[in-house]
$ cat protein_19.cif   # mmCIF, C-alpha atoms
data_start
#
loop_
_atom_site.group_PDB
_atom_site.id
_atom_site.type_symbol
_atom_site.label_atom_id
_atom_site.label_comp_id
_atom_site.auth_asym_id
_atom_site.auth_seq_id
_atom_site.Cartn_x
_atom_site.Cartn_y
_atom_site.Cartn_z
ATOM 1 C CA MET U 15 66.890 -2.391 161.933
ATOM 2 C CA ALA U 16 68.140 -5.977 161.414
ATOM 3 C CA VAL U 17 71.145 -5.150 163.604
ATOM 4 C CA ALA U 18 68.936 -3.627 166.334
ATOM 5 C CA GLN U 19 66.667 -6.693 166.228
ATOM 6 C CA SER U 20 69.685 -9.007 166.585
ATOM 7 C CA MET U 21 70.858 -6.885 169.529
ATOM 8 C CA MET U 22 67.446 -7.204 171.214
ATOM 9 C CA ASP U 23 67.344 -10.982 170.601
ATOM 10 C CA LEU U 24 70.715 -11.317 172.341
ATOM 11 C CA VAL U 25 69.604 -9.076 175.214
ATOM 12 C CA PHE U 26 66.268 -10.857 175.774
ATOM 13 C CA GLU U 27 67.905 -14.289 175.532
ATOM 14 C CA ASN U 28 70.355 -13.387 178.315
ATOM 15 C CA ALA U 29 67.741 -11.599 180.422
ATOM 16 C CA SER U 30 65.340 -14.534 180.391
ATOM 17 C CA ALA U 31 68.148 -17.056 181.051
ATOM 18 C CA ASN U 32 68.810 -15.076 184.226
ATOM 19 C CA GLY U 33 65.147 -14.805 185.224
ATOM 20 C CA ALA U 34 65.064 -11.015 184.806
ATOM 21 C CA LYS U 35 61.732 -9.205 185.080
ATOM 22 C CA LYS U 36 62.992 -5.858 183.890
ATOM 23 C CA ILE U 37 66.005 -4.582 181.920
ATOM 24 C CA THR U 38 67.258 -1.185 183.113
ATOM 25 C CA ARG U 39 70.459 -0.675 181.111
ATOM 26 C CA ILE U 40 72.153 -2.119 178.015
ATOM 27 C CA ASP U 41 75.836 -1.437 177.354
ATOM 28 C CA VAL U 42 76.979 -1.884 173.769
ATOM 29 C CA ALA U 43 80.218 -1.206 171.886
ATOM 30 C CA VAL U 44 79.946 0.186 168.367
ATOM 31 C CA GLY U 45 83.050 0.766 166.252
ATOM 32 C CA ASN U 46 83.133 3.844 164.038
ATOM 33 C CA LEU U 47 83.894 1.637 160.995
ATOM 34 C CA SER U 48 81.212 -0.966 161.783
ATOM 35 C CA GLY U 49 78.763 0.644 159.381
ATOM 36 C CA VAL U 50 76.267 1.060 162.215
ATOM 37 C CA ALA U 51 75.449 4.622 163.225
ATOM 38 C CA ALA U 52 74.897 5.070 166.975
ATOM 39 C CA ASP U 53 71.936 7.402 166.340
ATOM 40 C CA SER U 54 70.223 4.869 164.078
ATOM 41 C CA LEU U 55 70.769 2.103 166.613
ATOM 42 C CA SER U 56 69.182 4.259 169.348
ATOM 43 C CA PHE U 57 66.273 5.139 167.073
ATOM 44 C CA CYS U 58 65.591 1.480 166.214
ATOM 45 C CA PHE U 59 66.049 0.502 169.878
ATOM 46 C CA ASP U 60 63.298 2.957 170.912
ATOM 47 C CA ALA U 61 60.979 1.404 168.345
ATOM 48 C CA LEU U 62 61.745 -2.181 169.395
ATOM 49 C CA LYS U 63 61.751 -1.790 173.186
ATOM 50 C CA SER U 64 58.188 -0.542 173.660
ATOM 51 C CA GLY U 65 55.908 -3.084 175.248
ATOM 52 C CA THR U 66 58.854 -5.313 176.269
ATOM 53 C CA ILE U 67 60.725 -5.797 179.565
ATOM 54 C CA ALA U 68 63.305 -3.328 178.190
ATOM 55 C CA ASP U 69 60.738 -0.543 177.861
ATOM 56 C CA GLY U 70 62.423 1.716 180.445
ATOM 57 C CA ALA U 71 66.007 0.661 179.672
ATOM 58 C CA LEU U 72 68.855 3.033 178.879
ATOM 59 C CA LEU U 73 70.941 2.137 175.827
ATOM 60 C CA ALA U 74 74.546 3.180 176.564
ATOM 61 C CA ILE U 75 76.661 3.162 173.406
ATOM 62 C CA ASP U 76 80.446 3.142 173.718
ATOM 63 C CA GLU U 77 81.752 4.348 170.369
ATOM 64 C CA ILE U 78 85.155 2.857 169.570
ATOM 65 C CA ILE U 79 87.381 4.850 167.225
ATOM 66 C CA ALA U 80 89.702 3.015 164.819
ATOM 67 C CA THR U 81 93.375 3.904 164.698
ATOM 68 C CA ALA U 82 96.112 3.230 162.164
ATOM 69 C CA LYS U 83 99.884 3.299 161.857
ATOM 70 C CA CYS U 84 101.016 4.094 158.333
ATOM 71 C CA PRO U 85 103.284 1.292 157.030
ATOM 72 C CA ALA U 86 105.217 3.810 154.924
ATOM 73 C CA CYS U 87 105.845 6.794 157.239
ATOM 74 C CA ALA U 88 104.885 5.359 160.685
ATOM 75 C CA GLU U 89 102.445 8.202 161.366
ATOM 76 C CA GLU U 90 99.850 7.154 163.967
ATOM 77 C CA PHE U 91 96.361 8.634 163.793
ATOM 78 C CA ARG U 92 92.636 8.095 164.347
ATOM 79 C CA VAL U 93 90.720 6.722 161.374
ATOM 80 C CA GLY U 94 87.246 8.002 160.538
ATOM 81 C CA PRO U 95 84.795 6.190 158.247
ATOM 82 C CA HIS U 96 85.879 8.430 155.359
ATOM 83 C CA ASP U 97 89.631 8.230 155.874
ATOM 84 C CA PHE U 98 91.221 5.905 153.374
ATOM 85 C CA LEU U 99 94.789 7.157 153.175
ATOM 86 C CA CYS U 100 97.541 8.183 155.582
ATOM 87 C CA ALA U 101 96.842 11.660 156.920
ATOM 88 C CA LYS U 102 100.536 12.572 156.536
ATOM 89 C CA CYS U 103 101.983 10.899 153.430
ATOM 90 C CA GLY U 104 98.845 9.794 151.549
ATOM 91 C CA GLY U 105 99.856 6.103 151.451
ATOM 92 C CA PRO U 106 97.402 3.203 151.851
ATOM 93 C CA ILE U 107 96.543 2.145 155.425
ATOM 94 C CA SER U 108 94.816 -0.731 157.264
ATOM 95 C CA PRO U 109 92.788 0.427 160.265
ATOM 96 C CA ASN U 110 92.994 -1.342 163.643
ATOM 97 C CA GLY U 111 89.726 -1.758 165.506
ATOM 98 C CA GLY U 112 86.604 0.220 164.734
ATOM 99 C CA ARG U 113 84.575 -2.770 163.546
ATOM 100 C CA GLU U 114 83.220 -3.698 166.992
ATOM 101 C CA LEU U 115 79.501 -4.381 167.276
ATOM 102 C CA SER U 116 78.738 -6.150 170.521
ATOM 103 C CA VAL U 117 76.612 -6.231 173.647
ATOM 104 C CA LYS U 118 78.956 -5.851 176.629
ATOM 105 C CA SER U 119 76.506 -6.225 179.520
ATOM 106 C CA ILE U 120 72.979 -5.574 180.703
ATOM 107 C CA GLU U 121 71.559 -4.480 184.050
ATOM 108 C CA VAL U 122 68.397 -6.257 185.122
ATOM 109 C CA GLU U 123 66.018 -6.402 188.061
ATOM 110 C CA MET Q 6 67.807 -5.328 193.219
ATOM 111 C CA THR Q 7 69.848 -4.554 190.127
ATOM 112 C CA THR Q 8 72.127 -7.267 188.752
ATOM 113 C CA THR Q 9 74.713 -6.814 185.998
ATOM 114 C CA ILE Q 10 74.926 -9.648 183.466
ATOM 115 C CA HIS Q 11 78.132 -9.717 181.432
ATOM 116 C CA ILE Q 12 77.422 -10.808 177.888
ATOM 117 C CA ASP Q 13 80.390 -9.736 175.704
ATOM 118 C CA LYS Q 14 78.956 -11.172 172.532
ATOM 119 C CA LYS Q 15 78.887 -9.863 168.989
ATOM 120 C CA ILE Q 16 75.461 -8.600 167.997
ATOM 121 C CA LEU Q 17 75.652 -10.509 164.715
ATOM 122 C CA GLU Q 18 77.094 -13.614 166.386
ATOM 123 C CA LYS Q 19 74.163 -15.815 165.348
ATOM 124 C CA ASN Q 20 74.879 -15.026 161.729
ATOM 125 C CA GLU Q 21 78.603 -15.562 162.217
ATOM 126 C CA VAL Q 22 78.064 -18.958 163.863
ATOM 127 C CA CYS Q 23 75.838 -20.019 160.983
ATOM 128 C CA ALA Q 24 78.342 -18.643 158.418
ATOM 129 C CA GLU Q 25 81.121 -20.607 160.115
ATOM 130 C CA ARG Q 26 79.029 -23.807 159.869
ATOM 131 C CA LEU Q 27 78.468 -23.120 156.156
ATOM 132 C CA LYS Q 28 82.180 -22.459 155.647
ATOM 133 C CA LYS Q 29 83.071 -25.863 157.114
ATOM 134 C CA MET Q 30 80.450 -27.620 155.003
ATOM 135 C CA PHE Q 31 81.610 -25.878 151.794
ATOM 136 C CA PHE Q 32 85.220 -26.764 152.609
ATOM 137 C CA ALA Q 33 84.353 -30.434 153.253
ATOM 138 C CA LYS Q 34 82.503 -30.624 149.925
ATOM 139 C CA ASN Q 35 85.159 -28.595 148.087
ATOM 140 C CA ILE Q 36 82.647 -26.003 146.844
ATOM 141 C CA VAL Q 37 84.004 -22.547 145.999
ATOM 142 C CA VAL Q 38 81.502 -19.872 147.032
ATOM 143 C CA VAL Q 39 81.371 -16.291 145.802
ATOM 144 C CA ASN Q 40 79.055 -13.564 147.046
ATOM 145 C CA PHE Q 41 78.068 -10.963 144.415
ATOM 146 C CA MET Q 42 77.083 -7.617 145.865
ATOM 147 C CA SER Q 43 76.179 -4.278 144.298
ATOM 148 C CA SER Q 44 73.652 -1.478 144.233
ATOM 149 C CA PRO Q 45 70.370 -2.218 142.435
ATOM 150 C CA GLY Q 46 70.896 -1.799 138.706
ATOM 151 C CA ALA Q 47 74.675 -2.227 138.570
ATOM 152 C CA GLY Q 48 74.179 -5.155 136.228
ATOM 153 C CA LYS Q 49 74.809 -8.138 138.521
ATOM 154 C CA THR Q 50 72.215 -10.370 136.894
ATOM 155 C CA THR Q 51 73.197 -9.557 133.300
ATOM 156 C CA LEU Q 52 76.856 -10.061 134.183
ATOM 157 C CA LEU Q 53 75.959 -13.407 135.784
ATOM 158 C CA GLU Q 54 73.846 -14.459 132.792
ATOM 159 C CA LYS Q 55 76.783 -13.884 130.458
ATOM 160 C CA THR Q 56 79.216 -15.453 132.926
ATOM 161 C CA ILE Q 57 77.110 -18.588 133.402
ATOM 162 C CA ALA Q 58 76.737 -18.984 129.640
ATOM 163 C CA LYS Q 59 80.541 -19.006 129.348
ATOM 164 C CA ILE Q 60 81.516 -21.109 132.354
ATOM 165 C CA SER Q 61 78.724 -23.657 132.812
ATOM 166 C CA ARG Q 62 80.402 -26.144 130.462
ATOM 167 C CA VAL Q 63 83.733 -25.780 132.273
ATOM 168 C CA LYS Q 64 82.423 -25.922 135.814
ATOM 169 C CA LYS Q 65 79.118 -27.123 137.230
ATOM 170 C CA THR Q 66 77.811 -23.900 138.723
ATOM 171 C CA GLY Q 67 74.930 -23.289 141.119
ATOM 172 C CA VAL Q 68 73.354 -19.894 141.720
ATOM 173 C CA ILE Q 69 71.345 -18.551 144.637
ATOM 174 C CA GLU Q 70 69.387 -15.455 143.638
ATOM 175 C CA GLY Q 71 68.537 -13.045 146.445
ATOM 176 C CA ASP Q 72 65.794 -10.512 145.805
ATOM 177 C CA ILE Q 73 63.238 -8.749 147.950
ATOM 178 C CA ALA Q 74 60.526 -9.963 145.552
ATOM 179 C CA THR Q 75 60.006 -11.645 142.142
ATOM 180 C CA ASP Q 76 61.673 -14.701 140.590
ATOM 181 C CA GLY Q 77 62.589 -13.247 137.209
ATOM 182 C CA ASP Q 78 66.314 -13.308 137.942
ATOM 183 C CA ALA Q 79 66.300 -17.038 138.698
ATOM 184 C CA ARG Q 80 64.548 -17.728 135.402
ATOM 185 C CA ARG Q 81 67.106 -15.630 133.498
ATOM 186 C CA ILE Q 82 70.002 -17.489 135.128
ATOM 187 C CA GLU Q 83 68.358 -20.860 134.498
ATOM 188 C CA SER Q 84 67.948 -20.018 130.803
ATOM 189 C CA ALA Q 85 71.641 -19.069 130.671
ATOM 190 C CA GLY Q 86 72.486 -22.686 131.562
ATOM 191 C CA ALA Q 87 73.246 -22.810 135.295
ATOM 192 C CA GLY Q 88 73.479 -26.297 136.819
ATOM 193 C CA TRP Q 89 71.107 -25.326 139.614
ATOM 194 C CA VAL Q 90 69.269 -22.115 140.553
ATOM 195 C CA LEU Q 91 67.288 -21.234 143.629
ATOM 196 C CA GLN Q 92 65.471 -17.954 144.196
ATOM 197 C CA ILE Q 93 65.257 -16.537 147.713
ATOM 198 C CA ASN Q 94 62.664 -13.801 148.255
ATOM 199 C CA THR Q 95 63.474 -11.918 151.428
ATOM 200 C CA ASP Q 96 60.056 -10.201 151.672
ATOM 201 C CA GLY Q 97 61.422 -6.786 152.513
ATOM 202 C CA ILE Q 98 64.741 -7.692 154.133
ATOM 203 C CA CYS Q 99 67.516 -5.760 152.393
ATOM 204 C CA HIS Q 100 70.249 -8.445 152.479
ATOM 205 C CA LEU Q 101 70.773 -12.206 152.566
ATOM 206 C CA ASP Q 102 71.898 -13.764 155.837
ATOM 207 C CA ALA Q 103 73.680 -17.057 156.495
ATOM 208 C CA SER Q 104 70.548 -18.887 157.673
ATOM 209 C CA MET Q 105 68.798 -18.159 154.347
ATOM 210 C CA VAL Q 106 71.784 -19.610 152.482
ATOM 211 C CA GLU Q 107 71.941 -22.642 154.789
ATOM 212 C CA LYS Q 108 68.307 -23.425 154.049
ATOM 213 C CA ALA Q 109 68.845 -22.931 150.314
ATOM 214 C CA VAL Q 110 71.934 -25.147 149.969
ATOM 215 C CA ALA Q 111 70.140 -28.053 151.635
ATOM 216 C CA GLU Q 112 68.456 -28.514 148.245
ATOM 217 C CA MET Q 113 71.628 -28.112 146.179
ATOM 218 C CA PRO Q 114 72.745 -31.061 143.997
ATOM 219 C CA GLN Q 115 75.977 -32.773 145.085
ATOM 220 C CA ASP Q 116 77.867 -32.139 141.831
ATOM 221 C CA ILE Q 117 77.934 -28.317 142.129
ATOM 222 C CA LYS Q 118 81.549 -27.141 142.493
ATOM 223 C CA LEU Q 119 81.088 -23.381 142.192
ATOM 224 C CA LEU Q 120 78.266 -21.593 144.019
ATOM 225 C CA ILE Q 121 77.493 -17.995 143.114
ATOM 226 C CA ILE Q 122 75.269 -16.086 145.516
ATOM 227 C CA GLU Q 123 73.698 -12.957 144.052
ATOM 228 C CA ASN Q 124 72.902 -10.797 147.042
ATOM 229 C CA VAL Q 125 70.033 -8.313 147.282
ATOM 230 C CA GLY Q 126 70.924 -5.088 145.456
ATOM 231 C CA ASN Q 127 72.057 -2.772 148.269
ATOM 232 C CA LEU Q 128 75.417 -1.125 148.943
ATOM 233 C CA VAL Q 129 75.084 -1.127 152.748
ATOM 234 C CA CYS Q 130 73.656 -4.079 154.695
ATOM 235 C CA PRO Q 131 74.895 -7.100 152.670
ATOM 236 C CA SER Q 132 78.472 -6.276 153.699
ATOM 237 C CA GLY Q 133 77.598 -6.899 157.369
ATOM 238 C CA PHE Q 134 76.352 -10.467 156.895
ATOM 239 C CA ASP Q 135 78.923 -13.157 156.146
ATOM 240 C CA LEU Q 136 77.458 -16.007 154.089
ATOM 241 C CA GLY Q 137 80.309 -18.497 154.517
ATOM 242 C CA ASP Q 138 81.721 -17.384 151.176
ATOM 243 C CA ASP Q 139 85.337 -17.514 149.966
ATOM 244 C CA HIS Q 140 85.179 -14.300 147.957
ATOM 245 C CA LYS Q 141 83.058 -11.186 148.087
ATOM 246 C CA ILE Q 142 82.756 -9.465 144.735
ATOM 247 C CA ILE Q 143 81.496 -5.924 144.464
ATOM 248 C CA VAL Q 144 80.036 -5.008 141.085
ATOM 249 C CA GLY Q 145 80.256 -1.267 140.553
ATOM 250 C CA SER Q 146 78.863 0.216 137.349
ATOM 251 C CA LEU Q 147 80.235 3.369 135.781
ATOM 252 C CA ALA Q 148 76.693 4.745 135.522
ATOM 253 C CA GLU Q 149 76.536 4.951 139.328
ATOM 254 C CA GLY Q 150 79.160 7.702 139.306
ATOM 255 C CA LEU Q 151 82.706 8.095 140.507
ATOM 256 C CA ASP Q 152 81.822 8.797 144.130
ATOM 257 C CA LYS Q 153 80.292 5.435 145.090
ATOM 258 C CA PRO Q 154 83.382 3.623 146.453
ATOM 259 C CA LYS Q 155 83.989 6.407 148.969
ATOM 260 C CA LYS Q 156 80.288 6.893 149.730
ATOM 261 C CA TYR Q 157 79.861 3.192 150.528
ATOM 262 C CA PRO Q 158 83.299 2.268 151.903
ATOM 263 C CA GLY Q 159 82.067 -0.637 154.052
ATOM 264 C CA MET Q 160 81.123 -2.655 151.001
ATOM 265 C CA TYR Q 161 84.354 -1.884 149.146
ATOM 266 C CA ARG Q 162 86.458 -2.674 152.226
ATOM 267 C CA LYS Q 163 84.793 -6.065 152.781
ATOM 268 C CA SER Q 164 85.172 -7.166 149.156
ATOM 269 C CA ASP Q 165 88.244 -8.791 147.676
ATOM 270 C CA ALA Q 166 87.369 -8.314 144.015
ATOM 271 C CA LEU Q 167 85.821 -5.443 142.077
ATOM 272 C CA VAL Q 168 84.078 -5.725 138.744
ATOM 273 C CA VAL Q 169 83.734 -2.318 137.126
ATOM 274 C CA ASN Q 170 80.789 -2.976 134.837
ATOM 275 C CA LYS Q 171 79.138 -1.042 131.990
ATOM 276 C CA ILE Q 172 82.505 0.247 130.724
ATOM 277 C CA ASP Q 173 80.856 0.648 127.309
ATOM 278 C CA LEU Q 174 78.901 3.553 128.825
ATOM 279 C CA ALA Q 175 82.023 5.552 129.756
ATOM 280 C CA PRO Q 176 81.594 8.204 127.031
ATOM 281 C CA TYR Q 177 77.906 8.702 127.882
ATOM 282 C CA VAL Q 178 78.056 8.905 131.667
ATOM 283 C CA ASN Q 179 81.279 10.918 131.699
ATOM 284 C CA VAL Q 180 83.109 8.570 134.071
ATOM 285 C CA ASP Q 181 86.613 7.306 133.322
ATOM 286 C CA PRO Q 182 86.906 3.596 134.266
ATOM 287 C CA ASP Q 183 90.508 4.102 135.431
ATOM 288 C CA LYS Q 184 89.444 6.910 137.762
ATOM 289 C CA PHE Q 185 86.683 4.668 139.176
ATOM 290 C CA VAL Q 186 89.297 1.972 139.850
ATOM 291 C CA LYS Q 187 91.607 4.529 141.488
ATOM 292 C CA GLU Q 188 88.813 5.692 143.824
ATOM 293 C CA ALA Q 189 88.029 2.085 144.766
ATOM 294 C CA LEU Q 190 91.687 1.193 145.396
ATOM 295 C CA GLU Q 191 92.018 4.163 147.733
ATOM 296 C CA VAL Q 192 89.250 2.598 149.853
ATOM 297 C CA ASN Q 193 90.687 -0.916 149.567
ATOM 298 C CA PRO Q 194 94.124 -1.329 147.964
ATOM 299 C CA ASN Q 195 93.785 -5.142 147.982
ATOM 300 C CA LEU Q 196 90.911 -5.334 145.494
ATOM 301 C CA ARG Q 197 91.475 -7.526 142.435
ATOM 302 C CA VAL Q 198 90.012 -5.475 139.597
ATOM 303 C CA PHE Q 199 88.125 -6.509 136.449
ATOM 304 C CA LYS Q 200 86.668 -4.128 133.889
ATOM 305 C CA THR Q 201 83.697 -5.489 131.991
ATOM 306 C CA SER Q 202 80.770 -4.707 129.793
ATOM 307 C CA ALA Q 203 78.129 -7.401 130.069
ATOM 308 C CA THR Q 204 76.518 -5.887 126.948
ATOM 309 C CA THR Q 205 79.510 -5.993 124.592
ATOM 310 C CA GLY Q 206 81.270 -8.889 126.327
ATOM 311 C CA GLU Q 207 84.472 -6.878 126.879
ATOM 312 C CA GLY Q 208 86.544 -8.121 129.819
ATOM 313 C CA LEU Q 209 84.274 -11.114 130.460
ATOM 314 C CA ASP Q 210 86.820 -13.772 129.460
ATOM 315 C CA GLU Q 211 89.343 -12.545 132.017
ATOM 316 C CA PHE Q 212 86.688 -12.461 134.748
ATOM 317 C CA CYS Q 213 85.384 -15.937 133.837
ATOM 318 C CA ASP Q 214 88.915 -17.398 133.765
ATOM 319 C CA TRP Q 215 89.508 -16.057 137.273
ATOM 320 C CA LEU Q 216 86.176 -17.456 138.540
ATOM 321 C CA THR Q 217 86.682 -20.939 137.094
ATOM 322 C CA GLY Q 218 90.289 -21.002 138.294
ATOM 323 C CA LEU Q 219 89.345 -20.388 141.934
ATOM 324 C CA THR Q 220 90.097 -23.216 144.309
ATOM 325 C CA LYS Q 221 89.431 -23.673 148.029
ATOM 326 C CA LYS Q 222 93.090 -22.829 148.710
ATOM 327 C CA ASP Q 223 92.539 -19.385 147.242
ATOM 328 C CA GLY Q 224 89.867 -18.701 149.833
#
$ encode --input "protein_19.cif" --output "structure tokens"
Amino acid sequence: MAVAQSMMDLVFENASANGAKKITRIDVAVGNLSGVAADSLSFCFDALKSGTIADGALLAIDEIIATAKCPACAEEFRVGPHDFLCAKCGGPISPNGGRELSVKSIEVE
Amino acid sequence: MTTTIHIDKKILEKNEVCAERLKKMFFAKNIVVVNFMSSPGAGKTTLLEKTIAKISRVKKTGVIEGDIATDGDARRIESAGAGWVLQINTDGICHLDASMVEKAVAEMPQDIKLLIIENVGNLVCPSGFDLGDDHKIIVGSLAEGLDKPKKYPGMYRKSDALVVNKIDLAPYVNVDPDKFVKEALEVNPNLRVFKTSATTGEGLDEFCDWLTGLTKKDG
């Protein structure tokens, strides 16, 4: 909920700076390792938007999937939130990306 | 008419900006800052009580206590001999954020050289809010069970040190401390590991030596 509130603060701040009367769409990027579940963000968004200028807005979530290249065996693969080791050789890995949590753009009237 | 406004900003940017400001201030004043995180009941406060009792003569240590409610923890830490203690009650918020810490440190005495922040007991949200700290320490107790590092990977990934606490309970909770460490290292192979029992005192000296030996360069 704290994350959704921060998202709305950022959205409203930018909407009012641009003199918007209504927000119709919000585009956000959420990494699959960010610890934020897209469903939860949508749920909290629905609760927070009512009675605001974003009441009828669509929340479009672009889920970004982390990838990794194993330093030991060079295997390249997608990393899920519960993948901690190389899918091929079992060695330790460091994921690239997946921690994104940002507002890309909004559409306003 | 519909207009697109490009924002491209991190949702938690406000917190990150504030954390960055804190980081600069702590660096300028040469204050080492550690952020203690764990589930409720892992033993953070007892571990801190025992730690403060050991290190307060070596290093002037300040503590910020984060809790949803009550000030009992601050009183325990004060009795243990901390140089300065401040209790933050978040009134329902499940983590500390940088602005709470910024407000708290405004009251901190100038001679504090080590600041320990005890976060709200929660294995999820505190990992998302940087507090301008040099080190994030996750306290995992054996009584929580072997599965916690992999169930709460975000917290274990963000931390750089792990204290496996309550090792005296190993025979009773049927969890092998070495297996707990192995699970945690599979989530984050870079964790520096300590095994302690705040009750018996086992492992505390090693942990306290590491804490008092931390310098800004280590950060």
$ residues_around --input "protein_19.cif" --residues "Ser54 in chain U" --least-positions-apart "4" --cutoff "10 Å" --atoms "all atoms listed in the file" --output "list of chain:residue names"
U:Met15, U:Ala18, U:Val50, U:Cys58, U:Phe59, U:Asp60
$ residues_around --input "protein_19.cif" --residues "Lys221 in chain Q" --least-positions-apart "2" --cutoff "9 Å" --atoms "only C-alpha atoms" --output "ChimeraX atom specification"
/Q:31-32,35-38,139,219,223-224
$ write_last_selection --input "protein_19.cif" --atoms "C-alpha atoms" --output "PDB file, in the frame of the given file"
ATOM      1  CA  PHE Q  31      81.610 -25.878 151.794  1.00  0.00           C
ATOM      2  CA  PHE Q  32      85.220 -26.764 152.609  1.00  0.00           C
ATOM      3  CA  ASN Q  35      85.159 -28.595 148.087  1.00  0.00           C
ATOM      4  CA  ILE Q  36      82.647 -26.003 146.844  1.00  0.00           C
ATOM      5  CA  VAL Q  37      84.004 -22.547 145.999  1.00  0.00           C
ATOM      6  CA  VAL Q  38      81.502 -19.872 147.032  1.00  0.00           C
ATOM      7  CA  ASP Q 139      85.337 -17.514 149.966  1.00  0.00           C
ATOM      8  CA  LEU Q 219      89.345 -20.388 141.934  1.00  0.00           C
ATOM      9  CA  ASP Q 223      92.539 -19.385 147.242  1.00  0.00           C
ATOM     10  CA  GLY Q 224      89.867 -18.701 149.833  1.00  0.00           C
TER      11      GLY Q 224
END
$ interface_residues --input "protein_19.cif" --of "chain Q" --to "chain U" --cutoff "12 Å" --atoms "all atoms listed in the file" --output "compact mmCIF listing (two decimals) with C-alpha atoms, in the frame of the given file"
# COMPACT_ATOMS: atom_id res chain seq x y z
CA MET Q 6 67.81 -5.33 193.22
CA THR Q 7 69.85 -4.55 190.13
CA THR Q 8 72.13 -7.27 188.75
CA THR Q 9 74.71 -6.81 186.00
CA ILE Q 10 74.93 -9.65 183.47
CA HIS Q 11 78.13 -9.72 181.43
CA ILE Q 12 77.42 -10.81 177.89
CA ASP Q 13 80.39 -9.74 175.70
CA LYS Q 14 78.96 -11.17 172.53
CA LYS Q 15 78.89 -9.86 168.99
CA ILE Q 16 75.46 -8.60 168.00
CA LEU Q 17 75.65 -10.51 164.72
CA GLU Q 18 77.09 -13.61 166.39
CA LYS Q 19 74.16 -15.82 165.35
CA ASN Q 20 74.88 -15.03 161.73
CA GLU Q 21 78.60 -15.56 162.22
CA GLY Q 97 61.42 -6.79 152.51
CA ILE Q 98 64.74 -7.69 154.13
CA CYS Q 99 67.52 -5.76 152.39
CA HIS Q 100 70.25 -8.44 152.48
CA LEU Q 101 70.77 -12.21 152.57
CA ASP Q 102 71.90 -13.76 155.84
CA LEU Q 128 75.42 -1.12 148.94
CA VAL Q 129 75.08 -1.13 152.75
CA CYS Q 130 73.66 -4.08 154.70
CA PRO Q 131 74.90 -7.10 152.67
CA SER Q 132 78.47 -6.28 153.70
CA GLY Q 133 77.60 -6.90 157.37
CA PHE Q 134 76.35 -10.47 156.90
CA ASP Q 152 81.82 8.80 144.13
CA PRO Q 154 83.38 3.62 146.45
CA LYS Q 155 83.99 6.41 148.97
CA LYS Q 156 80.29 6.89 149.73
CA TYR Q 157 79.86 3.19 150.53
CA PRO Q 158 83.30 2.27 151.90
CA GLY Q 159 82.07 -0.64 154.05
CA MET Q 160 81.12 -2.66 151.00
CA TYR Q 161 84.35 -1.88 149.15
CA ARG Q 162 86.46 -2.67 152.23
CA LYS Q 163 84.79 -6.06 152.78
CA LYS Q 187 91.61 4.53 141.49
CA GLU Q 188 88.81 5.69 143.82
CA ALA Q 189 88.03 2.08 144.77
CA LEU Q 190 91.69 1.19 145.40
CA GLU Q 191 92.02 4.16 147.73
CA VAL Q 192 89.25 2.60 149.85
CA ASN Q 193 90.69 -0.92 149.57
CA PRO Q 194 94.12 -1.33 147.96
CA ASN Q 195 93.78 -5.14 147.98
$ axis_aligned_box --input "protein_19.cif" --around "range 34-50 of chain U" --padding-each-side "8 Å" --output "lines of an AutoDock Vina configuration file"
center_x = 72.8
center_y = -3.6
center_z = 172.2
size_x = 38.2
size_y = 30.9
size_z = 41.7
$ closest_atom_pairs --input "protein_19.cif" --of "range 61-130 of chain Q" --to "range 207-217 of chain Q" --cutoff "10 Å" --atoms "all atoms listed in the file" --output "Markdown table"
| residue | atom | partner | partner_atom | distance |
| --- | --- | --- | --- | --- |
| Q:Ser61 | CA | Q:Thr217 | CA | 9.4 |
| Q:Val63 | CA | Q:Thr217 | CA | 7.4 |
| Q:Lys64 | CA | Q:Thr217 | CA | 6.7 |
| Q:Lys65 | CA | Q:Thr217 | CA | 9.8 |
| Q:Thr66 | CA | Q:Thr217 | CA | 9.5 |
| Q:Lys118 | CA | Q:Thr217 | CA | 9.7 |
| Q:Leu119 | CA | Q:Thr217 | CA | 8.0 |
| Q:Ile121 | CA | Q:Leu216 | CA | 9.8 |
$ write_last_selection --input "protein_19.cif" --atoms "C-alpha atoms" --output "mmCIF file, in the coordinates of the input"
data_model
loop_
_atom_site.group_PDB
_atom_site.id
_atom_site.type_symbol
_atom_site.label_atom_id
_atom_site.label_comp_id
_atom_site.auth_asym_id
_atom_site.auth_seq_id
_atom_site.Cartn_x
_atom_site.Cartn_y
_atom_site.Cartn_z
ATOM 1 C CA SER Q 61 78.724 -23.657 132.812
ATOM 2 C CA VAL Q 63 83.733 -25.780 132.273
ATOM 3 C CA LYS Q 64 82.423 -25.922 135.814
ATOM 4 C CA LYS Q 65 79.118 -27.123 137.230
ATOM 5 C CA THR Q 66 77.811 -23.900 138.723
ATOM 6 C CA LYS Q 118 81.549 -27.141 142.493
ATOM 7 C CA LEU Q 119 81.088 -23.381 142.192
ATOM 8 C CA ILE Q 121 77.493 -17.995 143.114
#
$ resolve_selection --input "protein_19.cif" --expression "the PyMOL selection byres ((chain U and resi 109) around 8)" --output "PDB file with C-alpha atoms, in the frame of the given file"
ATOM      1  CA  ALA U  80      89.702   3.015 164.819  1.00  0.00           C
ATOM      2  CA  THR U  81      93.375   3.904 164.698  1.00  0.00           C
ATOM      3  CA  ALA U  82      96.112   3.230 162.164  1.00  0.00           C
ATOM      4  CA  LYS U  83      99.884   3.299 161.857  1.00  0.00           C
ATOM      5  CA  VAL U  93      90.720   6.722 161.374  1.00  0.00           C
ATOM      6  CA  ILE U 107      96.543   2.145 155.425  1.00  0.00           C
ATOM      7  CA  SER U 108      94.816  -0.731 157.264  1.00  0.00           C
ATOM      8  CA  ASN U 110      92.994  -1.342 163.643  1.00  0.00           C
ATOM      9  CA  GLY U 111      89.726  -1.758 165.506  1.00  0.00           C
ATOM     10  CA  GLY U 112      86.604   0.220 164.734  1.00  0.00           C
TER      11      GLY U 112
END
